[in-house]
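Quick look at data-v8.txt (compact mmCIF, C-alpha atoms):
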```txt
# COMPACT_ATOMS: atom_id res chain seq x y z
CA MET X 1 -11.49 -18.68 -9.54
CA VAL X 2 -14.41 -17.21 -7.60
CA ASN X 3 -17.95 -18.43 -8.22
CA HIS X 4 -20.21 -15.39 -8.52
CA HIS X 5 -23.87 -15.66 -7.50
CA PRO X 6 -26.53 -13.89 -9.60
CA SER X 7 -28.62 -11.21 -7.88
CA ASP X 8 -32.20 -10.22 -8.70
CA ASP X 9 -31.01 -7.45 -11.06
CA GLY X 10 -28.65 -9.74 -12.97
CA ALA X 11 -25.44 -8.52 -11.34
CA ALA X 12 -23.14 -11.14 -9.84
CA THR X 13 -23.03 -10.98 -6.06
CA LEU X 14 -19.77 -11.49 -4.27
CA GLY X 15 -19.63 -12.44 -0.59
CA VAL X 16 -17.21 -10.22 1.35
CA GLY X 17 -15.45 -11.17 4.56
CA LEU X 18 -13.59 -8.63 6.69
CA ILE X 19 -10.92 -9.35 9.29
CA SER X 20 -10.26 -6.42 11.67
CA VAL X 21 -12.76 -3.58 11.84
CA GLY X 22 -10.57 -0.53 12.34
CA TRP X 23 -10.15 2.53 10.12
CA MET X 24 -8.80 0.50 7.23
CA GLY X 25 -11.48 -2.15 7.59
CA LYS X 26 -14.12 0.56 7.28
CA LEU X 27 -12.39 1.90 4.16
CA HIS X 28 -12.36 -1.55 2.56
CA THR X 29 -16.05 -1.87 3.34
CA ARG X 30 -16.95 1.46 1.75
CA ALA X 31 -14.82 0.60 -1.27
CA TYR X 32 -16.72 -2.65 -1.84
CA GLN X 33 -20.02 -0.81 -1.47
CA SER X 34 -18.96 1.74 -4.10
CA ILE X 35 -18.14 -0.79 -6.81
CA PRO X 36 -21.65 -1.06 -8.38
CA VAL X 37 -21.94 2.74 -8.53
CA VAL X 38 -18.45 3.66 -9.75
CA TYR X 39 -17.80 0.62 -11.96
CA PRO X 40 -21.25 -0.67 -13.03
CA GLU X 41 -19.83 -2.36 -16.12
CA LEU X 42 -18.13 -4.95 -13.91
CA GLY X 43 -21.54 -6.43 -13.17
CA LEU X 44 -20.51 -7.10 -9.58
CA ARG X 45 -22.49 -6.44 -6.42
CA PRO X 46 -20.36 -7.11 -3.31
CA ARG X 47 -22.41 -8.37 -0.35
CA LEU X 48 -21.17 -7.82 3.21
CA VAL X 49 -21.32 -11.31 4.70
CA HIS X 50 -19.08 -11.78 7.73
CA ALA X 51 -16.73 -9.56 9.77
CA ALA X 52 -14.44 -10.48 12.64
CA ASP X 53 -12.54 -8.47 15.21
CA THR X 54 -10.99 -9.53 18.51
CA ALA X 55 -12.78 -6.59 20.17
CA PRO X 56 -16.46 -7.53 20.60
CA ASP X 57 -17.62 -3.91 20.28
CA ARG X 58 -15.93 -3.59 16.89
CA ALA X 59 -17.46 -6.85 15.73
CA ARG X 60 -20.90 -5.57 16.75
CA TYR X 61 -20.20 -2.29 14.93
CA ALA X 62 -19.46 -4.22 11.76
CA ARG X 63 -22.82 -5.96 11.99
CA ASP X 64 -25.03 -3.18 13.33
CA VAL X 65 -23.51 -0.14 11.58
CA LEU X 66 -21.48 -1.30 8.58
CA GLY X 67 -24.10 -3.87 7.67
CA TYR X 68 -22.32 -7.23 7.69
CA ALA X 69 -24.79 -10.09 8.00
CA ARG X 70 -22.70 -11.85 10.64
CA ALA X 71 -19.98 -10.88 13.09
CA SER X 72 -17.58 -12.82 15.29
CA THR X 73 -14.41 -12.43 17.33
CA ASP X 74 -12.46 -15.20 15.57
CA TYR X 75 -11.15 -14.68 12.03
CA ARG X 76 -11.37 -18.43 11.41
CA GLU X 77 -15.15 -18.14 11.38
CA VAL X 78 -14.92 -15.71 8.46
CA LEU X 79 -12.66 -18.06 6.50
CA ALA X 80 -14.93 -21.03 7.22
CA ASP X 81 -18.08 -19.21 6.09
CA PRO X 82 -19.18 -20.76 2.77
CA GLU X 83 -20.87 -17.51 1.72
CA VAL X 84 -17.58 -15.58 1.90
CA ASP X 85 -15.95 -15.41 -1.54
CA VAL X 86 -13.20 -12.84 -0.87
CA VAL X 87 -11.53 -11.59 2.31
CA SER X 88 -10.06 -8.25 3.37
CA ILE X 89 -7.26 -8.56 5.94
CA CYS X 90 -6.81 -5.26 7.80
CA GLY X 91 -5.23 -6.25 11.12
CA PRO X 92 -1.86 -5.17 12.54
CA ASN X 93 1.35 -6.42 10.96
CA HIS X 94 2.09 -9.26 13.37
CA VAL X 95 -1.07 -11.20 12.43
CA HIS X 96 -0.79 -10.79 8.67
CA ARG X 97 1.25 -13.91 7.98
CA GLU X 98 -0.96 -16.24 9.99
CA ILE X 99 -4.25 -14.92 8.62
CA ALA X 100 -3.15 -14.57 5.00
CA ILE X 101 -1.77 -18.12 4.88
CA ALA X 102 -4.99 -19.39 6.44
CA ALA X 103 -7.02 -17.47 3.84
CA ALA X 104 -4.98 -18.97 1.00
CA GLU X 105 -5.35 -22.48 2.41
CA ALA X 106 -9.11 -21.89 2.67
CA GLY X 107 -9.15 -20.98 -1.02
CA LYS X 108 -10.22 -17.38 -0.37
CA PRO X 109 -8.77 -14.63 -2.57
CA PHE X 110 -7.59 -11.87 -0.25
CA TRP X 111 -6.93 -8.14 -0.20
CA ILE X 112 -4.38 -7.41 2.52
CA GLU X 113 -2.90 -4.21 3.89
CA LYS X 114 0.80 -3.45 3.80
CA PRO X 115 3.39 -4.34 4.82
CA VAL X 116 2.25 -7.92 4.30
CA GLY X 117 4.85 -9.31 6.69
CA ARG X 118 7.11 -7.93 9.37
CA ASP X 119 10.04 -8.82 7.11
CA ALA X 120 10.79 -10.37 3.73
CA THR X 121 10.66 -13.92 5.12
CA GLU X 122 7.09 -13.53 6.38
CA THR X 123 6.04 -11.91 3.11
CA ALA X 124 7.66 -14.75 1.17
CA ASP X 125 5.70 -17.27 3.23
CA VAL X 126 2.42 -15.56 2.33
CA ALA X 127 3.40 -15.34 -1.34
CA ALA X 128 4.27 -19.04 -1.39
CA ALA X 129 0.92 -19.96 0.17
CA ALA X 130 -1.01 -17.84 -2.33
CA ARG X 131 0.93 -19.35 -5.23
CA ALA X 132 0.36 -22.90 -3.98
CA ALA X 133 -3.38 -22.29 -3.50
CA GLY X 134 -3.77 -20.42 -6.78
CA VAL X 135 -5.74 -17.60 -5.15
CA GLU X 136 -5.83 -14.03 -6.44
CA THR X 137 -4.36 -11.37 -4.17
CA ALA X 138 -4.24 -7.61 -3.74
CA VAL X 139 -2.08 -5.48 -1.44
CA GLY X 140 -3.00 -2.05 -0.10
CA TYR X 141 -0.66 0.14 -2.13
CA ASN X 142 -3.47 2.53 -2.96
CA TYR X 143 -1.30 5.48 -4.00
CA ARG X 144 -0.65 3.73 -7.31
CA GLY X 145 -4.18 4.66 -8.35
CA ALA X 146 -3.78 8.44 -8.04
CA PRO X 147 -4.54 9.92 -11.48
CA ALA X 148 -1.30 11.93 -11.54
CA VAL X 149 0.72 8.83 -10.66
CA GLU X 150 -0.83 6.89 -13.52
CA ARG X 151 0.02 9.77 -15.86
CA ILE X 152 3.67 9.89 -14.74
CA ARG X 153 3.90 6.14 -15.29
CA GLU X 154 2.65 6.61 -18.86
CA LEU X 155 5.19 9.39 -19.50
CA VAL X 156 8.00 7.10 -18.33
CA ALA X 157 6.79 4.05 -20.26
CA ASP X 158 6.22 5.80 -23.60
CA GLY X 159 9.55 7.63 -23.49
CA THR X 160 8.10 11.14 -23.29
CA LEU X 161 10.47 12.01 -20.45
CA GLY X 162 13.40 10.47 -22.32
CA ARG X 163 15.92 8.26 -20.53
CA ILE X 164 15.25 8.42 -16.80
CA THR X 165 18.36 9.73 -15.06
CA ASN X 166 17.26 10.03 -11.44
CA ILE X 167 14.28 10.01 -9.10
CA ARG X 168 13.54 11.33 -5.65
CA SER X 169 10.71 9.91 -3.57
CA VAL X 170 9.82 10.52 0.06
CA PHE X 171 7.09 9.76 2.56
CA TYR X 172 7.21 12.44 5.24
CA CYS X 173 4.41 11.65 7.68
CA GLY X 174 4.45 13.40 11.04
CA TYR X 175 2.10 11.08 12.95
CA ALA X 176 4.82 10.45 15.55
CA ALA X 177 6.33 13.94 15.65
CA GLU X 178 5.02 14.46 19.22
CA PRO X 179 7.66 13.04 21.64
CA ASN X 180 4.86 12.05 24.04
CA GLY X 181 3.03 10.22 21.30
CA ALA X 182 2.00 6.84 22.65
CA LEU X 183 4.12 3.71 22.34
CA SER X 184 1.55 1.85 20.24
CA TRP X 185 2.22 -1.50 18.54
CA ARG X 186 3.81 0.36 15.62
CA PHE X 187 6.86 1.16 17.77
CA ARG X 188 7.42 -2.41 18.99
CA ARG X 189 9.39 -4.86 16.90
CA GLU X 190 7.33 -7.87 18.03
CA PHE X 191 4.17 -6.41 16.52
CA ALA X 192 5.34 -4.10 13.72
CA GLY X 193 8.75 -5.42 12.73
CA SER X 194 10.45 -2.30 11.41
CA GLY X 195 9.21 1.25 11.91
CA ALA X 196 9.24 3.91 9.19
CA LEU X 197 11.00 1.36 6.97
CA GLY X 198 8.02 -1.01 6.74
CA ASP X 199 5.21 1.41 7.47
CA LEU X 200 6.18 4.28 5.16
CA LEU X 201 9.14 3.40 2.94
CA SER X 202 7.21 0.35 1.72
CA HIS X 203 4.82 2.80 0.02
CA VAL X 204 7.73 4.73 -1.48
CA VAL X 205 9.40 1.59 -2.79
CA ASP X 206 6.18 0.29 -4.30
CA LEU X 207 5.42 3.65 -5.90
CA VAL X 208 8.81 4.10 -7.58
CA GLN X 209 8.91 0.50 -8.79
CA TYR X 210 5.41 0.88 -10.23
CA VAL X 211 6.20 4.19 -11.94
CA VAL X 212 9.83 3.72 -12.98
CA GLY X 213 10.94 0.09 -12.66
CA PRO X 214 12.60 -2.46 -10.37
CA ILE X 215 15.20 -1.33 -7.83
CA SER X 216 18.36 -3.44 -8.14
CA GLU X 217 20.47 -2.36 -5.14
CA ALA X 218 20.48 0.01 -2.19
CA SER X 219 22.74 1.79 0.30
CA SER X 220 21.06 3.20 3.38
CA LEU X 221 20.83 4.36 6.97
CA LEU X 222 18.22 4.07 9.73
CA SER X 223 17.80 6.19 12.85
CA THR X 224 15.52 6.49 15.88
CA VAL X 225 14.85 10.10 16.88
CA HIS X 226 12.72 9.60 20.02
CA ALA X 227 14.23 6.74 21.99
CA GLU X 228 11.35 6.36 24.50
CA ARG X 229 7.60 6.88 24.48
CA PRO X 230 4.78 6.54 27.04
CA ILE X 231 3.20 3.09 27.18
CA LEU X 232 -0.20 2.52 25.57
CA PRO X 233 -2.00 -0.77 26.30
CA MET X 234 -2.84 -2.78 23.18
CA GLY X 235 -6.28 -2.00 21.79
CA SER X 236 -6.82 1.13 23.90
CA GLY X 237 -5.91 3.81 21.36
CA THR X 238 -3.96 4.58 18.20
CA HIS X 239 -0.48 5.75 17.30
CA PHE X 240 -1.91 9.31 17.18
CA ALA X 241 -2.63 9.26 20.94
CA VAL X 242 -0.60 11.61 23.17
CA ILE X 243 0.05 10.66 26.83
CA GLU X 244 1.41 13.17 29.35
CA ASP X 245 3.46 11.97 32.35
CA GLY X 246 3.05 8.30 31.38
CA GLU X 247 5.38 5.42 32.12
CA MET X 248 8.09 5.35 29.45
CA ALA X 249 9.44 2.40 27.48
CA PRO X 250 11.96 2.07 24.63
CA VAL X 251 11.05 2.55 20.97
CA GLU X 252 12.26 -0.64 19.30
CA ASN X 253 12.39 0.32 15.64
CA ASP X 254 13.31 3.14 13.28
CA ASP X 255 11.81 6.63 13.03
CA HIS X 256 13.66 7.63 9.86
CA VAL X 257 15.13 5.80 6.86
CA ALA X 258 17.01 7.07 3.82
CA ALA X 259 18.60 5.20 0.93
CA LEU X 260 20.41 5.60 -2.35
CA VAL X 261 19.09 3.20 -4.97
CA ARG X 262 19.97 1.98 -8.43
CA PHE X 263 17.38 0.71 -10.91
CA ALA X 264 17.58 -2.33 -13.14
CA ASP X 265 18.21 -1.44 -16.77
CA GLY X 266 15.04 -1.15 -18.82
CA PRO X 267 13.85 0.52 -22.05
CA HIS X 268 14.08 3.98 -20.45
CA THR X 269 15.96 3.38 -17.18
CA THR X 270 19.53 2.45 -18.14
CA GLY X 271 21.78 3.92 -15.47
CA ALA X 272 18.89 5.40 -13.47
CA VAL X 273 19.56 6.15 -9.81
CA GLY X 274 17.62 7.79 -7.01
CA THR X 275 17.03 8.58 -3.37
CA VAL X 276 14.18 7.29 -1.24
CA GLU X 277 13.39 8.48 2.27
CA ALA X 278 10.73 8.20 4.96
CA SER X 279 10.14 9.74 8.37
CA ARG X 280 7.31 9.32 10.89
CA VAL X 281 8.63 12.04 13.24
CA ILE X 282 9.03 14.94 10.83
CA VAL X 283 7.39 18.24 11.83
CA GLY X 284 5.31 19.80 9.08
CA PRO X 285 4.29 17.25 6.45
CA GLN X 286 1.32 15.11 7.47
CA CYS X 287 0.92 12.75 4.52
CA GLY X 288 3.77 13.92 2.32
CA LEU X 289 4.23 11.01 -0.04
CA GLY X 290 5.90 12.45 -3.11
CA ILE X 291 7.74 11.36 -6.22
CA GLU X 292 9.93 13.32 -8.63
CA VAL X 293 11.03 11.67 -11.88
CA TYR X 294 13.75 13.30 -14.00
CA GLY X 295 14.57 12.35 -17.58
CA THR X 296 16.66 13.64 -20.46
CA ASN X 297 13.60 15.20 -22.12
CA GLY X 298 11.52 16.30 -19.15
CA SER X 299 10.44 15.70 -15.58
CA ALA X 300 7.31 15.19 -13.49
CA SER X 301 6.54 15.72 -9.81
CA TRP X 302 3.60 14.79 -7.55
CA ASN X 303 2.84 14.87 -3.83
CA PHE X 304 -0.18 13.32 -2.13
CA GLU X 305 -0.86 16.49 -0.15
CA GLN X 306 -1.65 18.02 -3.54
CA LEU X 307 -3.33 14.83 -4.77
CA ASN X 308 -5.09 16.45 -7.72
CA GLU X 309 -2.10 18.33 -9.15
CA LEU X 310 0.77 17.20 -11.38
CA ARG X 311 3.84 19.35 -11.97
CA LEU X 312 5.15 18.68 -15.44
CA CYS X 313 8.07 19.94 -17.53
CA LEU X 314 8.39 18.75 -21.13
CA GLY X 315 11.40 19.88 -23.12
CA ARG X 316 14.67 21.54 -22.18
CA GLY X 317 13.98 25.10 -23.27
CA GLY X 318 11.66 27.41 -25.14
CA PRO X 319 9.35 30.21 -23.94
CA ASP X 320 7.55 27.93 -21.45
CA VAL X 321 10.62 26.37 -19.86
CA GLY X 322 10.10 24.99 -16.35
CA TYR X 323 7.20 23.38 -14.58
CA THR X 324 3.53 23.69 -15.47
CA THR X 325 0.87 22.67 -12.96
CA VAL X 326 -1.60 20.29 -14.60
CA LEU X 327 -4.90 19.62 -12.85
CA ALA X 328 -6.09 16.02 -12.56
CA ASN X 329 -8.56 15.36 -15.36
CA ALA X 330 -10.36 12.71 -17.36
CA SER X 331 -7.18 11.84 -19.28
CA MET X 332 -5.50 10.61 -16.10
CA GLY X 333 -6.18 7.17 -14.72
CA ASP X 334 -9.68 6.64 -13.32
CA TYR X 335 -10.34 10.31 -12.54
CA ALA X 336 -13.47 10.47 -14.70
CA ARG X 337 -15.07 7.71 -12.63
CA PHE X 338 -15.24 10.07 -9.67
CA GLN X 339 -15.40 13.65 -10.94
CA PRO X 340 -16.88 15.36 -14.01
CA GLY X 341 -14.07 17.78 -14.72
CA PRO X 342 -10.72 19.25 -13.64
CA ALA X 343 -10.43 20.95 -10.23
CA ASN X 344 -13.08 18.69 -8.68
CA SER X 345 -10.90 16.98 -6.10
CA MET X 346 -10.57 13.27 -5.52
CA GLY X 347 -9.59 11.95 -2.08
CA PHE X 348 -7.89 9.09 -0.24
CA ASP X 349 -11.05 6.98 -0.02
CA ASP X 350 -11.46 7.12 -3.81
CA LEU X 351 -8.04 5.50 -4.21
CA LYS X 352 -9.27 2.54 -2.14
CA VAL X 353 -12.23 2.17 -4.51
CA ILE X 354 -9.81 2.01 -7.45
CA GLU X 355 -7.79 -0.56 -5.52
CA ALA X 356 -10.92 -2.65 -4.88
CA LYS X 357 -11.79 -2.51 -8.59
CA LYS X 358 -8.35 -3.75 -9.56
CA PHE X 359 -8.62 -6.60 -7.07
CA LEU X 360 -12.10 -7.68 -8.11
CA THR X 361 -11.34 -7.56 -11.84
CA SER X 362 -8.45 -9.97 -11.27
CA LEU X 363 -10.88 -12.62 -9.98
CA GLY X 364 -11.85 -13.56 -13.53
CA GLY X 365 -8.42 -15.02 -14.19
CA GLY X 366 -7.01 -12.14 -16.23
CA ALA X 367 -3.73 -10.33 -15.68
CA PRO X 368 -3.78 -8.53 -12.30
CA LEU X 369 -4.20 -4.77 -12.55
CA GLY X 370 -3.20 -3.86 -9.02
CA ALA X 371 -0.46 -4.66 -6.54
CA THR X 372 -0.22 -8.41 -5.87
CA ILE X 373 1.40 -10.41 -3.10
CA HIS X 374 4.35 -10.99 -5.43
CA ASP X 375 4.81 -7.25 -5.93
CA ALA X 376 4.70 -6.89 -2.15
CA HIS X 377 7.33 -9.62 -1.86
CA GLN X 378 9.55 -7.66 -4.28
CA ASP X 379 8.99 -4.52 -2.18
CA ALA X 380 9.98 -6.51 0.92
CA GLN X 381 13.19 -7.63 -0.76
CA VAL X 382 14.09 -3.99 -1.37
CA LEU X 383 13.37 -3.19 2.28
CA ALA X 384 15.54 -6.15 3.30
CA ALA X 385 18.43 -4.77 1.26
CA VAL X 386 17.89 -1.34 2.83
CA ALA X 387 17.91 -2.85 6.35
CA ALA X 388 21.03 -4.90 5.61
CA SER X 389 22.86 -1.86 4.27
CA ALA X 390 21.98 0.13 7.39
CA GLU X 391 23.72 -2.59 9.43
CA ASP X 392 27.02 -2.73 7.54
CA GLY X 393 27.14 0.46 5.46
CA ARG X 394 27.57 -1.41 2.15
CA TRP X 395 25.58 -1.52 -1.05
CA HIS X 396 23.24 -4.53 -1.07
CA PRO X 397 21.68 -6.16 -4.15
CA VAL X 398 17.94 -6.78 -4.25
CA THR X 399 16.78 -10.37 -4.75
CA THR X 400 14.40 -10.63 -7.70
CA VAL X 401 10.98 -12.20 -7.13
CA GLN X 402 9.68 -14.41 -9.91
CA ASP X 403 6.10 -13.23 -10.25
CA ALA X 404 6.52 -9.53 -9.43
CA THR X 405 5.65 -7.53 -12.52
CA TYR X 406 4.10 -4.20 -11.49
CA GLY X 407 1.97 -4.64 -14.59
CA ARG X 408 5.02 -5.26 -16.77
CA GLN X 409 6.44 -8.45 -18.28
CA PRO X 410 7.87 -10.92 -15.74
CA HIS X 411 11.59 -10.70 -15.13
CA ALA X 412 13.57 -13.02 -17.33
CA GLU X 413 15.84 -14.07 -14.49
CA ALA X 414 14.43 -14.86 -11.06
CA THR X 415 15.73 -16.10 -7.75
CA HIS X 416 13.68 -16.93 -4.71
CA ALA X 417 14.53 -15.78 -1.22
```
Translate the structure described by the file into structure tokens.
Amino acid sequence: MVNHHPSDDGAATLGVGLISVGWMGKLHTRAYQSIPVVYPELGLRPRLVHAADTAPDRARYARDVLGYARASTDYREVLADPEVDVVSICGPNHVHREIAIAAAEAGKPFWIEKPVGRDATETADVAAAARAAGVETAVGYNYRGAPAVERIRELVADGTLGRITNIRSVFYCGYAAEPNGALSWRFRREFAGSGALGDLLSHVVDLVQYVVGPISEASSLLSTVHAERPILPMGSGTHFAVIEDGEMAPVENDDHVAALVRFADGPHTTGAVGTVEASRVIVGPQCGLGIEVYGTNGSASWNFEQLNELRLCLGRGGPDVGYTTVLANASMGDYARFQPGPANSMGFDDLKVIEAKKFLTSLGGGAPLGATIHDAHQDAQVLAAVAASAEDGRWHPVTTVQDATYGRQPHAEATHA
């Protein structure tokens, strides 16, 4: 439980710590700053207390530009700061386990980016530490908060779409489509673990489990399309950098992943199956995270590149058979918090504000509204089954995580990895 500190206007102040001041760290910062404006009823006023980054120039940027009161180059100083109440962990994958466990042991609730660990074992270690410390957690599966996604979830849960027969969900993201794209840390197993599997399919898996229900088994394949890339020194650029005539080195993880999945039986998912797929080298789509849900009474489809549109078909016939495009509106999720009416577009940054709200509202001890470390552990178990199937070509069951709920009731039967 976090102790809030009253501000002069009566709102409770909340000391924020940030670890890693890259693009995502900046987004977390802006999300915290938006809370009093977008969600004034929470009575919370986040205060930027302490930021850390191993690059001194980024640490200075956090202090001088973003407005953190203090900055350092060692994350331990953030965790030791008594004025820090919550921590955002936005570093690369290989440091997540160490920092998140340290945050839990310091008693700091944390909001961490995905994938939490390089594999299911690392994610399980973080989940165990958070459970032992009793700290609240949030994981950066921000696409859950898209208004159209929340609406599809309602249509599944209330039976409007009937019994769900099949789904299709993909994340086609062409950030590595250029063969001379730099060999950043994302392409090296030591730092990233898997490739498209952990970076992109983790979003797909979280999205479909949030909207439809738990995945119970998977059969899959992995492939690497560009076997070598030019070397990029750590910290000198991003995975969008292109290097001509550079020294080449092997890509150590997957560019593309595809899987068949089966869902656990639920009120509207008995016998439901689906396909999930992700590629970081596809030419065309840039942030093509999409989900299609098909039921006996209707279907719904959404893609992030058309964030503010929902394609919806209700009923099997009649004069209006087929899809209708529905614009995001005040009846969908938190849309009305950001825009006054349909056709006023929300954006990616707004989804991080929703994510921050869900994290901060969980600090009062109520049921978590957003993705938790235990949901992320369940996602990691699905990815582990996908990876195992790619090795031997067999169907692999998904181990159930005790506290993963995706906002639903806990699973009756649970086993721990």
Counting only C-alpha atoms, what is within 9 Å of Pro92 in chain X, bar same-chain residues fewer than 4 positions away, as a ChimeraX atom specification? /X:20,96,113,185-186,191-192
Pick the closest to Ala80 in chain X from X:Ala387, X:Ala106, X:Val401, X:Leu289: which is it, counting all atoms listed in the file? X:Ala106
So which one's closest to Cys90 in chain X, X:Val139, X:Ile152, X:Ile243, X:Ala356? Using only C-alpha atoms, please.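 Residue with the minimum atom-to-atom distance to Cys90 in chain X: X:Val139.
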When distances are computed from only C-alpha atoms, which of X:Asp85, X:Asp199, X:Asp254, X:Glu178 shows the smallest separation from Pro230 in chain X?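 Residue with the minimum atom-to-atom distance to Pro230 in chain X: X:Glu178.
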Please identify every residue of range 212-296 of chain X that has at least one atom no farther than 10 Å from an atom of range 306-319 of chain X, counting all atoms listed in the file, and for each give the shortest atom pair and the distance in Å to one decimal, arranged by chain then increasing number, as a Markdown table.
```
| residue | atom | partner | partner_atom | distance |
| --- | --- | --- | --- | --- |
| X:Cys287 | CA | X:Gln306 | CA | 10.0 |
| X:Gly288 | CA | X:Gln306 | CA | 9.0 |
| X:Leu289 | CA | X:Leu307 | CA | 9.7 |
| X:Gly290 | CA | X:Gln306 | CA | 9.4 |
| X:Glu292 | CA | X:Arg311 | CA | 9.2 |
| X:Val293 | CA | X:Leu312 | CA | 9.8 |
| X:Tyr294 | CA | X:Cys313 | CA | 9.4 |
| X:Gly295 | CA | X:Leu314 | CA | 9.6 |
| X:Thr296 | CA | X:Arg316 | CA | 8.3 |
```
I need the residues from that last selection saved to file as a compact mmCIF listing (two decimals), in the frame of the given file (with C-alpha atoms), if you can.
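Result file follows (again27.txt):
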```
# COMPACT_ATOMS: atom_id res chain seq x y z
CA CYS X 287 0.92 12.75 4.52
CA GLY X 288 3.77 13.92 2.32
CA LEU X 289 4.23 11.01 -0.04
CA GLY X 290 5.90 12.45 -3.11
CA GLU X 292 9.93 13.32 -8.63
CA VAL X 293 11.03 11.67 -11.88
CA TYR X 294 13.75 13.30 -14.00
CA GLY X 295 14.57 12.35 -17.58
CA THR X 296 16.66 13.64 -20.46
```
From X:Thr13, X:Asn329, X:Thr405, X:Asn253, residue lying nearest Glu150 in chain X [only C-alpha atoms]: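 Smallest distance to Glu150 in chain X is found for X:Asn329.
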Could you tell me how far CA of His94 in chain X sits from CA of Glu122 in chain X, in Å to one decimal place?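 So the answer is 9.6 Å.
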CA of Ala258 in chain X to CA of Val276 in chain X measures 5.8 Å
Would you mind reading off the distance between CA of Gln381 in chain X and CA of Val212 in chain X, one decimal, in Å?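 Computed distance, CA of Gln381 in chain X to CA of Val212 in chain X, equals 17.0 Å.
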Could I see range 322-327 of chain X restored to all heavy atoms, set down as a compact mmCIF listing (two decimals), in the coordinates of the input?
```txt
# COMPACT_ATOMS: atom_id res chain seq x y z
N GLY X 322 10.43 25.15 -17.77
CA GLY X 322 10.10 24.99 -16.35
C GLY X 322 8.81 24.24 -16.17
O GLY X 322 8.20 23.73 -17.11
N TYR X 323 8.36 24.18 -14.93
CA TYR X 323 7.20 23.38 -14.58
C TYR X 323 5.88 24.09 -14.91
O TYR X 323 5.74 25.30 -14.74
CB TYR X 323 7.20 23.05 -13.09
CG TYR X 323 8.04 21.86 -12.72
CD1 TYR X 323 9.20 22.02 -11.96
CD2 TYR X 323 7.68 20.58 -13.12
CE1 TYR X 323 9.97 20.92 -11.61
CE2 TYR X 323 8.45 19.48 -12.78
CZ TYR X 323 9.59 19.66 -12.03
OH TYR X 323 10.34 18.58 -11.69
N THR X 324 4.93 23.29 -15.34
CA THR X 324 3.53 23.69 -15.47
C THR X 324 2.71 22.83 -14.52
O THR X 324 2.95 21.62 -14.42
CB THR X 324 3.03 23.49 -16.91
OG1 THR X 324 3.77 24.33 -17.79
CG2 THR X 324 1.54 23.81 -17.02
N THR X 325 1.77 23.44 -13.82
CA THR X 325 0.87 22.67 -12.96
C THR X 325 -0.32 22.20 -13.79
O THR X 325 -1.04 23.03 -14.37
CB THR X 325 0.39 23.50 -11.77
OG1 THR X 325 1.53 23.86 -10.96
CG2 THR X 325 -0.59 22.71 -10.92
N VAL X 326 -0.50 20.89 -13.86
CA VAL X 326 -1.60 20.29 -14.60
C VAL X 326 -2.61 19.75 -13.60
O VAL X 326 -2.25 19.00 -12.69
CB VAL X 326 -1.09 19.14 -15.50
CG1 VAL X 326 -2.25 18.51 -16.27
CG2 VAL X 326 -0.01 19.65 -16.45
N LEU X 327 -3.86 20.11 -13.75
CA LEU X 327 -4.90 19.62 -12.85
C LEU X 327 -5.33 18.21 -13.26
O LEU X 327 -5.41 17.90 -14.46
CB LEU X 327 -6.11 20.54 -12.88
CG LEU X 327 -5.89 21.97 -12.40
CD1 LEU X 327 -7.17 22.77 -12.54
CD2 LEU X 327 -5.39 22.00 -10.97
```
